[in-house]
Amino acid sequence: QLVRWDRATNEVETVYDLFDYVDPVSNAYLSSSYGWVDLECKDERKSRGIEWSHGSSAAVGMDGDYLITLRNLQMLLSMEADGSGARWALASDSSAVGDGGAFDVYRFDAEGSKFWEPHAVVATAKDEFFLVDDGKSRPNCTGATDTCFSRAVGYRLDHATKQASLFWEFEFPLRKGAGIANEEAEDLFNFDGGYVAKLDRDRGNESYIVAFTAVVVDDDATTGHPAFVFEVDAAGDAVSKIRLPRVPTTHKSGSYRAEATTSINGELFTRPW
């Protein structure tokens with residue numbers, strides 16, 4: 001479900017039941033991302049079930065819509081902000097959306113533009129959005145650091161052609177164009193989560209914050225993964241980097257998010273006097 005939480009009253013309102021638009025009955029999509037979850041009913045009966053869609057992030061769009069990533073379906077949904085229904089779906093595997101039904105089906109401009117296990121969607125302009133492509137279900141990824149890599153990606157939409165075009169990406173340490181085999185072997189692999197956003201500041205340059213918050217590294221403990229946070233320029237090059245300690249979690253999802261802030265304790269870029 002997509003819900004709206006009123007923090008003043010602590011009331012939760014359901015905006016959408018996503019099973020009205022994608023569900024395992026009408027389209028039994030096969031995915032390598034599924035996992036088992038423990039279930040407990042109101043009468044205290046317990047069971048286990050398959051986690052179907054795994055909503056991994058939601059954001060307010062720039063065009064009167066909500067953007068929702070469904071990790072296990074390799075999908076991004078656009079839903080009307082007034083609750084009146086779906087707009088479009090973008091999925092790396094077209095069989096996840098079938099014939100579309102209630103929404104328009106959008107396609108990628110190229111095979112290499114597709115995302116796998118998306119997180120942290122954010123709209124930055126009309127018909128423009130960013131997200132983290134964890135890549136754990138990318139073809140050839142086995143879960144090992146020498147076959148998997150993650151990246152932050154930016155897309156622009158063309159509604160006339162129903163196409164999403166990749167216009168920006170960041171992976172580390174290699175840049176886009178190094179070749180898929182080299183990227184798989186060398187670039188960081190983020191197990192789960194992550195964050196990307198355009199930095200909001202007036203310093204004469206366009207830059208982004210990118211966080212891979214559960215990076216699989218050689219010295220990993222069994223309790224979690226460390227985080228790597230980057231400032232990245234408009235060309236997709238790292239300007240600065242920091243590694244943060246691992247955060248022990250049940251599923252080794254690390255710190256999951258890392259957000260930018262203009263100040264920690266009132267510091268300014270300009271003199272206060």
# chains A, B, ... in the order shown; residues from 1 in each chain; ligands from 1
$ select_by_dssp --residues "region 157-208 of chain A" --states "strand (DSSP E or B)" --output "MDAnalysis selection string"
chainID A and resid 157:158 163:170 190 195:198 207:208
$ residues_around --residues "His119 (chain A)" --least-positions-apart "6" --cutoff "9 Å" --atoms "only C-alpha atoms" --output "count of residues only"
15
$ atom_distance --atom1 "CA of Ser84 (chain A)" --atom2 "CA of Asn10 (chain A)"
23.9 Å
$ atom_distance --atom1 "CA of Glu183 (chain A)" --atom2 "CA of Thr142 (chain A)"
14.1 Å
$ closest_residue --among "A:Thr261, A:Arg151, A:Ala181, A:Phe189" --to "Val210 (chain A)" --atoms "only C-alpha atoms"
A:Arg151
$ residues_around --residues "Pro226 (chain A)" --least-positions-apart "4" --cutoff "9 Å" --atoms "only C-alpha atoms" --output "PyMOL selection string"
chain A and resi 212-217+220+243-247+254-255
$ residues_around --residues "Thr147 (chain A)" --least-positions-apart "5" --cutoff "7 Å" --atoms "only C-alpha atoms" --output "PyMOL selection string"
chain A and resi 140-142+184-185
$ write_last_selection --atoms "all heavy atoms" --output "CSV table (one decimal), in the first residue's frame"
chain,number,residue,atom,x,y,z
A,140,ASN,N,23.7,-11.8,-14.9
A,140,ASN,CA,25.1,-12.3,-14.6
A,140,ASN,C,25.5,-12.0,-13.2
A,140,ASN,O,26.5,-12.5,-12.7
A,140,ASN,CB,26.1,-11.6,-15.6
A,140,ASN,CG,27.4,-12.3,-15.6
A,140,ASN,OD1,27.4,-13.6,-15.7
A,140,ASN,ND2,28.5,-11.6,-15.4
A,141,CYS,N,24.7,-11.2,-12.4
A,141,CYS,CA,25.0,-11.0,-11.0
A,141,CYS,C,24.7,-12.3,-10.2
A,141,CYS,O,23.6,-12.8,-10.2
A,141,CYS,CB,24.2,-9.8,-10.5
A,141,CYS,SG,24.5,-9.5,-8.7
A,142,THR,N,25.7,-12.8,-9.5
A,142,THR,CA,25.5,-14.0,-8.7
A,142,THR,C,25.5,-13.6,-7.2
A,142,THR,O,25.4,-14.5,-6.4
A,142,THR,CB,26.7,-14.9,-9.0
A,142,THR,OG1,27.9,-14.3,-8.5
A,142,THR,CG2,26.8,-15.3,-10.4
A,184,GLU,N,31.5,-5.0,-13.5
A,184,GLU,CA,31.1,-6.1,-12.6
A,184,GLU,C,32.3,-6.5,-11.7
A,184,GLU,O,32.1,-6.7,-10.5
A,184,GLU,CB,30.7,-7.3,-13.4
A,184,GLU,CG,29.3,-7.1,-14.1
A,184,GLU,CD,29.0,-8.2,-15.0
A,184,GLU,OE1,29.9,-9.0,-15.3
A,184,GLU,OE2,27.8,-8.4,-15.3
A,185,ALA,N,33.5,-6.5,-12.2
A,185,ALA,CA,34.7,-6.9,-11.5
A,185,ALA,C,35.2,-5.9,-10.5
A,185,ALA,O,35.7,-6.2,-9.4
A,185,ALA,CB,35.8,-7.3,-12.5
$ residues_around --residues "region 153-155 of chain A" --least-positions-apart "5" --cutoff "9 Å" --atoms "only C-alpha atoms" --output "list in words"
Ser113, Phe115, Asp127, Glu128, Phe129, Phe130, Leu131, Val132, Asp133, Ala164, Ser165, Leu166, Phe167, Trp168, Glu169, Phe170 and Val196 of chain A
$ select_by_dssp --residues "region 34-216 of chain A" --states "helix (DSSP H, G or I)" --output "list in words"
Arg71, Asn72, Leu73, Ser94, Ser95, Ala96, Glu111, Gly112, Ser113, Ile180, Ala181, Asn182, Glu183, Glu184, Ala185 and Glu186 of chain A
$ closest_residue --among "A:Ala59, A:Cys148, A:Val239, A:Ala28" --to "Ala96 (chain A)" --atoms "only C-alpha atoms"
A:Ala28
$ closest_residue --among "A:Ser95, A:Gln163, A:Phe269, A:Lys176" --to "Asn27 (chain A)" --atoms "only C-alpha atoms"
A:Ser95
